[in-house]
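Participant: I am sharing structure-v1.pdb, which consists of PDB, C-alpha atoms, pLDDT in the B column:
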```pdb
ATOM      1  CA  MET A   1      26.943 -43.175 -41.674  1.00 60.00           C
ATOM      2  CA  HIS A   2      26.890 -39.688 -43.150  1.00 61.00           C
ATOM      3  CA  ARG A   3      23.343 -39.117 -41.800  1.00 65.00           C
ATOM      4  CA  ILE A   4      24.333 -40.224 -38.308  1.00 68.00           C
ATOM      5  CA  LEU A   5      27.110 -37.623 -38.210  1.00 56.00           C
ATOM      6  CA  ILE A   6      24.735 -34.885 -39.432  1.00 65.00           C
ATOM      7  CA  PHE A   7      22.074 -35.755 -36.818  1.00 60.00           C
ATOM      8  CA  THR A   8      24.697 -35.971 -34.058  1.00 63.00           C
ATOM      9  CA  GLY A   9      26.133 -32.576 -35.004  1.00 62.00           C
ATOM     10  CA  LEU A  10      22.655 -31.055 -35.215  1.00 59.00           C
ATOM     11  CA  ALA A  11      21.661 -32.483 -31.827  1.00 64.00           C
ATOM     12  CA  ALA A  12      24.867 -31.148 -30.219  1.00 64.00           C
ATOM     13  CA  ALA A  13      24.262 -27.689 -31.713  1.00 62.00           C
ATOM     14  CA  LEU A  14      20.659 -27.599 -30.502  1.00 59.00           C
ATOM     15  CA  GLY A  15      21.696 -28.871 -27.072  1.00 60.00           C
ATOM     16  CA  ALA A  16      24.224 -26.053 -26.710  1.00 57.00           C
ATOM     17  CA  CYS A  17      21.541 -23.487 -27.596  1.00 57.00           C
ATOM     18  CA  GLY A  18      19.228 -24.841 -24.924  1.00 51.00           C
ATOM     19  CA  GLN A  19      21.917 -24.634 -22.248  1.00 51.00           C
ATOM     20  CA  SER A  20      22.702 -20.985 -22.865  1.00 49.00           C
ATOM     21  CA  SER A  21      19.024 -20.051 -22.772  1.00 49.00           C
ATOM     22  CA  ASP A  22      18.657 -21.973 -19.493  1.00 53.00           C
ATOM     23  CA  ASN A  23      21.584 -19.995 -18.068  1.00 62.00           C
ATOM     24  CA  LYS A  24      20.029 -16.761 -19.291  1.00 62.00           C
ATOM     25  CA  THR A  25      16.713 -17.653 -17.629  1.00 61.00           C
ATOM     26  CA  GLN A  26      18.494 -18.574 -14.402  1.00 65.00           C
ATOM     27  CA  ASN A  27      20.490 -15.319 -14.474  1.00 62.00           C
ATOM     28  CA  GLU A  28      17.312 -13.254 -14.998  1.00 63.00           C
ATOM     29  CA  ALA A  29      15.529 -15.097 -12.194  1.00 60.00           C
ATOM     30  CA  SER A  30      18.392 -14.554  -9.740  1.00 60.00           C
ATOM     31  CA  ALA A  31      18.648 -10.866 -10.730  1.00 59.00           C
ATOM     32  CA  ASN A  32      14.905 -10.405 -10.172  1.00 60.00           C
ATOM     33  CA  ALA A  33      15.093 -12.173  -6.811  1.00 60.00           C
ATOM     34  CA  ALA A  34      18.011  -9.995  -5.683  1.00 63.00           C
ATOM     35  CA  ALA A  35      16.342  -6.681  -6.603  1.00 65.00           C
ATOM     36  CA  PRO A  36      13.611  -5.799  -4.077  1.00 75.00           C
ATOM     37  CA  ARG A  37      10.306  -4.788  -5.591  1.00 80.00           C
ATOM     38  CA  LYS A  38       9.041  -1.309  -4.846  1.00 82.00           C
ATOM     39  CA  GLU A  39       5.640  -1.741  -3.279  1.00 85.00           C
ATOM     40  CA  ARG A  40       2.846   0.230  -4.895  1.00 90.00           C
ATOM     41  CA  PRO A  41       0.853   2.488  -2.581  1.00 91.00           C
ATOM     42  CA  PRO A  42      -2.811   1.627  -2.002  1.00 94.00           C
ATOM     43  CA  TYR A  43      -5.302   3.095  -4.457  1.00 95.00           C
ATOM     44  CA  CYS A  44      -6.635   6.580  -3.613  1.00 95.00           C
ATOM     45  CA  PHE A  45     -10.448   6.797  -3.583  1.00 94.00           C
ATOM     46  CA  PHE A  46     -10.628  10.445  -2.486  1.00 95.00           C
ATOM     47  CA  LYS A  47     -10.187  13.934  -3.927  1.00 94.00           C
ATOM     48  CA  ASP A  48      -8.181  16.541  -2.020  1.00 90.00           C
ATOM     49  CA  SER A  49     -11.362  18.202  -0.759  1.00 95.00           C
ATOM     50  CA  GLU A  50     -12.735  14.912   0.625  1.00 97.00           C
ATOM     51  CA  THR A  51     -10.464  14.614   3.672  1.00 97.00           C
ATOM     52  CA  LYS A  52     -10.055  17.023   6.576  1.00 97.00           C
ATOM     53  CA  ALA A  53      -9.469  17.518  10.297  1.00 97.00           C
ATOM     54  CA  TRP A  54      -6.516  15.147  10.703  1.00 98.00           C
ATOM     55  CA  ALA A  55      -5.126  14.967  14.242  1.00 97.00           C
ATOM     56  CA  ALA A  56      -2.767  12.600  16.038  1.00 97.00           C
ATOM     57  CA  SER A  57      -2.311  12.103  19.768  1.00 96.00           C
ATOM     58  CA  ARG A  58      -0.376   9.706  21.944  1.00 95.00           C
ATOM     59  CA  GLY A  59      -2.248   7.316  24.241  1.00 93.00           C
ATOM     60  CA  LYS A  60      -1.285   6.088  27.719  1.00 92.00           C
ATOM     61  CA  ASP A  61       0.414   3.048  26.196  1.00 92.00           C
ATOM     62  CA  GLY A  62       2.578   5.305  23.989  1.00 93.00           C
ATOM     63  CA  ASN A  63       0.913   4.348  20.711  1.00 95.00           C
ATOM     64  CA  ILE A  64      -0.511   7.036  18.438  1.00 97.00           C
ATOM     65  CA  THR A  65      -4.224   7.475  17.791  1.00 97.00           C
ATOM     66  CA  LEU A  66      -5.055   9.086  14.443  1.00 97.00           C
ATOM     67  CA  LYS A  67      -8.391  10.805  13.766  1.00 97.00           C
ATOM     68  CA  GLY A  68      -9.829  12.516  10.728  1.00 98.00           C
ATOM     69  CA  LYS A  69     -12.898  12.995   8.556  1.00 97.00           C
ATOM     70  CA  VAL A  70     -13.299  11.480   5.102  1.00 97.00           C
ATOM     71  CA  TYR A  71     -16.126  12.084   2.634  1.00 97.00           C
ATOM     72  CA  ARG A  72     -17.784   9.220   0.780  1.00 95.00           C
ATOM     73  CA  GLU A  73     -20.829  10.172  -1.275  1.00 93.00           C
ATOM     74  CA  ASP A  74     -22.050   6.606  -1.794  1.00 94.00           C
ATOM     75  CA  SER A  75     -23.296   5.416   1.615  1.00 92.00           C
ATOM     76  CA  ARG A  76     -22.953   1.783   0.563  1.00 95.00           C
ATOM     77  CA  TYR A  77     -19.275   2.315   1.400  1.00 96.00           C
ATOM     78  CA  GLN A  78     -17.661   3.732   4.491  1.00 95.00           C
ATOM     79  CA  ALA A  79     -14.312   5.418   4.851  1.00 96.00           C
ATOM     80  CA  GLN A  80     -11.741   3.935   7.197  1.00 96.00           C
ATOM     81  CA  ILE A  81      -8.013   3.793   7.794  1.00 96.00           C
ATOM     82  CA  GLY A  82      -6.505   1.107   5.601  1.00 95.00           C
ATOM     83  CA  LYS A  83      -2.836   0.223   5.407  1.00 96.00           C
ATOM     84  CA  MET A  84      -0.484   1.429   8.167  1.00 96.00           C
ATOM     85  CA  ASP A  85       3.286   1.366   7.930  1.00 95.00           C
ATOM     86  CA  VAL A  86       5.859   2.289  10.606  1.00 95.00           C
ATOM     87  CA  VAL A  87       9.437   2.897   9.461  1.00 95.00           C
ATOM     88  CA  GLY A  88      11.863   4.456  11.919  1.00 94.00           C
ATOM     89  CA  THR A  89      10.258   7.475  13.560  1.00 95.00           C
ATOM     90  CA  THR A  90       7.579   7.962  10.877  1.00 96.00           C
ATOM     91  CA  ALA A  91       4.213   6.240  10.565  1.00 97.00           C
ATOM     92  CA  THR A  92       2.378   6.377   7.238  1.00 97.00           C
ATOM     93  CA  VAL A  93      -1.327   5.595   6.862  1.00 97.00           C
ATOM     94  CA  TRP A  94      -3.664   5.430   3.884  1.00 97.00           C
ATOM     95  CA  PRO A  95      -7.436   5.986   4.134  1.00 97.00           C
ATOM     96  CA  THR A  96      -9.561   3.605   2.103  1.00 97.00           C
ATOM     97  CA  ILE A  97     -13.151   2.453   1.699  1.00 96.00           C
ATOM     98  CA  ALA A  98     -14.945  -0.709   2.776  1.00 96.00           C
ATOM     99  CA  PRO A  99     -18.519  -1.918   2.374  1.00 97.00           C
ATOM    100  CA  ASN A 100     -20.868  -0.284   4.875  1.00 96.00           C
ATOM    101  CA  MET A 101     -22.148  -3.260   6.856  1.00 94.00           C
ATOM    102  CA  SER A 102     -24.590  -1.195   8.930  1.00 91.00           C
ATOM    103  CA  SER A 103     -27.902   0.274   7.884  1.00 87.00           C
ATOM    104  CA  TYR A 104     -26.680   3.787   8.701  1.00 91.00           C
ATOM    105  CA  GLY A 105     -24.584   6.283   6.787  1.00 91.00           C
ATOM    106  CA  ALA A 106     -22.421   9.105   8.085  1.00 93.00           C
ATOM    107  CA  PRO A 107     -23.896  12.565   8.729  1.00 93.00           C
ATOM    108  CA  ASP A 108     -23.646  14.459   5.426  1.00 95.00           C
ATOM    109  CA  ASN A 109     -21.531  11.517   4.174  1.00 95.00           C
ATOM    110  CA  TRP A 110     -18.484  12.611   6.265  1.00 97.00           C
ATOM    111  CA  TRP A 111     -17.137   9.534   8.047  1.00 97.00           C
ATOM    112  CA  ASP A 112     -15.220   9.913  11.305  1.00 97.00           C
ATOM    113  CA  VAL A 113     -12.170   7.700  10.942  1.00 97.00           C
ATOM    114  CA  LYS A 114     -10.015   6.674  13.873  1.00 97.00           C
ATOM    115  CA  ALA A 115      -7.211   4.170  14.255  1.00 97.00           C
ATOM    116  CA  VAL A 116      -4.525   3.288  16.765  1.00 97.00           C
ATOM    117  CA  ILE A 117      -1.195   2.787  15.020  1.00 97.00           C
ATOM    118  CA  PRO A 118       0.416  -0.313  16.552  1.00 95.00           C
ATOM    119  CA  ASN A 119       4.106  -0.235  17.555  1.00 92.00           C
ATOM    120  CA  SER A 120       4.209   3.563  17.289  1.00 94.00           C
ATOM    121  CA  ALA A 121       5.705   4.424  20.695  1.00 93.00           C
ATOM    122  CA  GLY A 122       8.932   5.606  19.015  1.00 94.00           C
ATOM    123  CA  VAL A 123       7.172   7.529  16.247  1.00 95.00           C
ATOM    124  CA  ASP A 124       7.188  11.344  16.262  1.00 95.00           C
ATOM    125  CA  GLN A 125       5.629  12.011  12.833  1.00 97.00           C
ATOM    126  CA  VAL A 126       2.491  10.657  11.154  1.00 97.00           C
ATOM    127  CA  SER A 127       2.023  11.056   7.418  1.00 97.00           C
ATOM    128  CA  VAL A 128      -1.442  10.565   5.898  1.00 97.00           C
ATOM    129  CA  HIS A 129      -1.297   9.606   2.227  1.00 97.00           C
ATOM    130  CA  CYS A 130      -3.769   9.124  -0.582  1.00 96.00           C
ATOM    131  CA  GLY A 131      -1.969   7.002  -3.136  1.00 95.00           C
ATOM    132  CA  GLU A 132       1.468   8.605  -3.507  1.00 94.00           C
ATOM    133  CA  LYS A 133       0.191  12.053  -2.508  1.00 96.00           C
ATOM    134  CA  THR A 134       0.640  13.363   1.046  1.00 96.00           C
ATOM    135  CA  ILE A 135      -2.599  14.679   2.584  1.00 96.00           C
ATOM    136  CA  ALA A 136      -1.265  15.616   6.023  1.00 96.00           C
ATOM    137  CA  ASP A 137       1.988  15.551   8.013  1.00 97.00           C
ATOM    138  CA  LEU A 138       1.432  15.555  11.758  1.00 97.00           C
ATOM    139  CA  LYS A 139       4.053  15.951  14.500  1.00 97.00           C
ATOM    140  CA  VAL A 140       3.506  13.997  17.739  1.00 95.00           C
ATOM    141  CA  PRO A 141       5.857  14.634  20.679  1.00 91.00           C
ATOM    142  CA  LEU A 142       7.518  11.564  22.131  1.00 87.00           C
ATOM    143  CA  LYS A 143       6.348  10.477  25.570  1.00 77.00           C
ATOM    144  CA  ASN A 144       8.910  11.042  28.323  1.00 69.00           C
TER     145      ASN A 144
END
```
Reformat the file's structure so that it appears as structure tokens.

Facilitator:
Amino acid sequence: MHRILIFTGLAAALGACGQSSDNKTQNEASANAAAPRKERPPYCFFKDSETKAWAASRGKDGNITLKGKVYREDSRYQAQIGKMDVVGTTATVWPTIAPNMSSYGAPDNWWDVKAVIPNSAGVDQVSVHCGEKTIADLKVPLKN
């Protein structure tokens, strides 16, 4: 009888410990779900001197076309515009690299990059980034 009481008390004590740790895990999970994660910027493959001639213009449809030149020494890869993000009146773009699927490289390894930024009719500023660093800030007048 004495052993039964000891085992019952021990089981109740261990059961109470498990419940509090479950609550702690649930509290941590709900706190993590409530806090939005800060998205990391895309990786920067380029030095400061490897991008130039950034320009932005508005097309007939109101969307912005971005152009620039990006250097990539290894012609197995080509430079291109990667991620694009439109928030409010600012569009942010990040140049990146992709495998060169053609048998040709760029003249002197300077790739002409061009992209139309979708849903950019209300945008008046384009920011070109490399990682967290800003390469260029371009103003684009709104279309009347």

Participant: Expanded to explicit residues, what is the PyMOL selection byres ((chain A and resi 65) around 6) for this file, as a PDB file with C-alpha atoms, keeping the file's coordinate frame?

Facilitator:
```pdb
ATOM      1  CA  ALA A  56      -2.767  12.600  16.038  1.00 97.00           C
ATOM      2  CA  SER A  57      -2.311  12.103  19.768  1.00 96.00           C
ATOM      3  CA  ILE A  64      -0.511   7.036  18.438  1.00 97.00           C
ATOM      4  CA  LEU A  66      -5.055   9.086  14.443  1.00 97.00           C
ATOM      5  CA  ALA A 115      -7.211   4.170  14.255  1.00 97.00           C
ATOM      6  CA  VAL A 116      -4.525   3.288  16.765  1.00 97.00           C
TER       7      VAL A 116
END
```

Participant: For the atom pair CA of Met101 in chain A and CA of Pro42 in chain A, what is the interatomic distance in Å to one decimal place?

Facilitator: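 CA of Met101 in chain A sits 21.8 Å away from CA of Pro42 in chain A.
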
Participant: Applying the PyMOL selection byres ((chain A and resi 143) around 10) to the file I just gave you, which residues come out? Please list them as a PyMOL selection string.

Facilitator: chain A and resi 58-63+121-124+140-142+144

Participant: What does the PyMOL selection byres ((chain A and resi 46) around 9) select in this file, as a short mmCIF file (atom, residue, chain, number, x, y, z; two decimals) with C-alpha atoms, keeping the file's coordinate frame?

Facilitator:
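Generated output (out37.cif):
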```
data_model
loop_
_atom_site.label_atom_id
_atom_site.label_comp_id
_atom_site.auth_asym_id
_atom_site.auth_seq_id
_atom_site.Cartn_x
_atom_site.Cartn_y
_atom_site.Cartn_z
CA CYS A 44 -6.64 6.58 -3.61
CA PHE A 45 -10.45 6.80 -3.58
CA LYS A 47 -10.19 13.93 -3.93
CA ASP A 48 -8.18 16.54 -2.02
CA SER A 49 -11.36 18.20 -0.76
CA GLU A 50 -12.74 14.91 0.62
CA THR A 51 -10.46 14.61 3.67
CA VAL A 70 -13.30 11.48 5.10
CA TYR A 71 -16.13 12.08 2.63
CA ARG A 72 -17.78 9.22 0.78
CA PRO A 95 -7.44 5.99 4.13
CA THR A 96 -9.56 3.60 2.10
CA CYS A 130 -3.77 9.12 -0.58
#
```

Participant: Which one is closest to Lys69 in chain A: A:Pro107, A:Asn119, A:Val113, A:Asn100? Count all atoms listed in the file.

Facilitator: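 Using all atoms listed in the file, the shortest distance to Lys69 in chain A belongs to A:Val113.
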
Participant: Please reconstruct the missing atoms of range 39-62 of chain A (target: N, CA and C atoms) and return them as a PDB file, in the frame of the given file.

Facilitator:
```pdb
ATOM      1  N   GLU A  39       7.050  -1.482  -3.517  1.00 85.00           N
ATOM      2  CA  GLU A  39       5.640  -1.741  -3.279  1.00 85.00           C
ATOM      3  C   GLU A  39       4.807  -0.541  -3.734  1.00 85.00           C
ATOM      4  N   ARG A  40       3.730  -0.828  -4.425  1.00 90.00           N
ATOM      5  CA  ARG A  40       2.846   0.230  -4.895  1.00 90.00           C
ATOM      6  C   ARG A  40       1.976   0.702  -3.739  1.00 90.00           C
ATOM      7  N   PRO A  41       1.732   2.000  -3.649  1.00 91.00           N
ATOM      8  CA  PRO A  41       0.853   2.488  -2.581  1.00 91.00           C
ATOM      9  C   PRO A  41      -0.589   2.068  -2.851  1.00 91.00           C
ATOM     10  N   PRO A  42      -1.400   1.972  -1.796  1.00 94.00           N
ATOM     11  CA  PRO A  42      -2.811   1.627  -2.002  1.00 94.00           C
ATOM     12  C   PRO A  42      -3.516   2.664  -2.883  1.00 94.00           C
ATOM     13  N   TYR A  43      -4.550   2.225  -3.551  1.00 95.00           N
ATOM     14  CA  TYR A  43      -5.302   3.095  -4.457  1.00 95.00           C
ATOM     15  C   TYR A  43      -5.958   4.229  -3.661  1.00 95.00           C
ATOM     16  N   CYS A  44      -6.014   5.410  -4.242  1.00 95.00           N
ATOM     17  CA  CYS A  44      -6.635   6.580  -3.613  1.00 95.00           C
ATOM     18  C   CYS A  44      -8.064   6.727  -4.132  1.00 95.00           C
ATOM     19  N   PHE A  45      -9.040   6.662  -3.218  1.00 94.00           N
ATOM     20  CA  PHE A  45     -10.448   6.797  -3.583  1.00 94.00           C
ATOM     21  C   PHE A  45     -10.973   8.221  -3.404  1.00 94.00           C
ATOM     22  N   PHE A  46     -10.139   9.148  -2.926  1.00 95.00           N
ATOM     23  CA  PHE A  46     -10.628  10.445  -2.486  1.00 95.00           C
ATOM     24  C   PHE A  46      -9.958  11.600  -3.217  1.00 95.00           C
ATOM     25  N   LYS A  47     -10.723  12.681  -3.408  1.00 94.00           N
ATOM     26  CA  LYS A  47     -10.187  13.934  -3.927  1.00 94.00           C
ATOM     27  C   LYS A  47      -9.577  14.700  -2.765  1.00 94.00           C
ATOM     28  N   ASP A  48      -8.811  15.731  -3.064  1.00 90.00           N
ATOM     29  CA  ASP A  48      -8.181  16.541  -2.020  1.00 90.00           C
ATOM     30  C   ASP A  48      -9.211  17.128  -1.056  1.00 90.00           C
ATOM     31  N   SER A  49     -10.341  17.552  -1.584  1.00 95.00           N
ATOM     32  CA  SER A  49     -11.362  18.202  -0.759  1.00 95.00           C
ATOM     33  C   SER A  49     -12.182  17.216   0.076  1.00 95.00           C
ATOM     34  N   GLU A  50     -11.925  15.917  -0.060  1.00 97.00           N
ATOM     35  CA  GLU A  50     -12.735  14.912   0.625  1.00 97.00           C
ATOM     36  C   GLU A  50     -12.095  14.362   1.896  1.00 97.00           C
ATOM     37  N   THR A  51     -11.045  14.985   2.376  1.00 97.00           N
ATOM     38  CA  THR A  51     -10.464  14.614   3.672  1.00 97.00           C
ATOM     39  C   THR A  51     -10.156  15.884   4.444  1.00 97.00           C
ATOM     40  N   LYS A  52     -10.322  15.834   5.763  1.00 97.00           N
ATOM     41  CA  LYS A  52     -10.055  17.023   6.576  1.00 97.00           C
ATOM     42  C   LYS A  52      -9.918  16.624   8.046  1.00 97.00           C
ATOM     43  N   ALA A  53      -9.506  17.601   8.830  1.00 97.00           N
ATOM     44  CA  ALA A  53      -9.469  17.518  10.297  1.00 97.00           C
ATOM     45  C   ALA A  53      -8.579  16.382  10.818  1.00 97.00           C
ATOM     46  N   TRP A  54      -7.416  16.191  10.237  1.00 98.00           N
ATOM     47  CA  TRP A  54      -6.516  15.147  10.703  1.00 98.00           C
ATOM     48  C   TRP A  54      -5.828  15.587  11.994  1.00 98.00           C
ATOM     49  N   ALA A  55      -5.780  14.693  12.956  1.00 97.00           N
ATOM     50  CA  ALA A  55      -5.126  14.967  14.242  1.00 97.00           C
ATOM     51  C   ALA A  55      -4.542  13.665  14.769  1.00 97.00           C
ATOM     52  N   ALA A  56      -3.417  13.781  15.454  1.00 97.00           N
ATOM     53  CA  ALA A  56      -2.767  12.600  16.038  1.00 97.00           C
ATOM     54  C   ALA A  56      -2.432  12.916  17.488  1.00 97.00           C
ATOM     55  N   SER A  57      -2.648  11.940  18.352  1.00 96.00           N
ATOM     56  CA  SER A  57      -2.311  12.103  19.768  1.00 96.00           C
ATOM     57  C   SER A  57      -1.752  10.789  20.285  1.00 96.00           C
ATOM     58  N   ARG A  58      -1.006  10.880  21.365  1.00 95.00           N
ATOM     59  CA  ARG A  58      -0.376   9.706  21.944  1.00 95.00           C
ATOM     60  C   ARG A  58      -1.217   9.207  23.120  1.00 95.00           C
ATOM     61  N   GLY A  59      -1.473   7.917  23.157  1.00 93.00           N
ATOM     62  CA  GLY A  59      -2.248   7.316  24.241  1.00 93.00           C
ATOM     63  C   GLY A  59      -1.381   6.976  25.439  1.00 93.00           C
ATOM     64  N   LYS A  60      -2.001   6.456  26.489  1.00 92.00           N
ATOM     65  CA  LYS A  60      -1.285   6.088  27.719  1.00 92.00           C
ATOM     66  C   LYS A  60      -0.241   5.004  27.461  1.00 92.00           C
ATOM     67  N   ASP A  61      -0.526   4.125  26.517  1.00 92.00           N
ATOM     68  CA  ASP A  61       0.414   3.048  26.196  1.00 92.00           C
ATOM     69  C   ASP A  61       1.561   3.509  25.299  1.00 92.00           C
ATOM     70  N   GLY A  62       1.522   4.765  24.840  1.00 93.00           N
ATOM     71  CA  GLY A  62       2.578   5.305  23.989  1.00 93.00           C
ATOM     72  C   GLY A  62       2.265   5.240  22.514  1.00 93.00           C
TER      73      GLY A  62
END
```
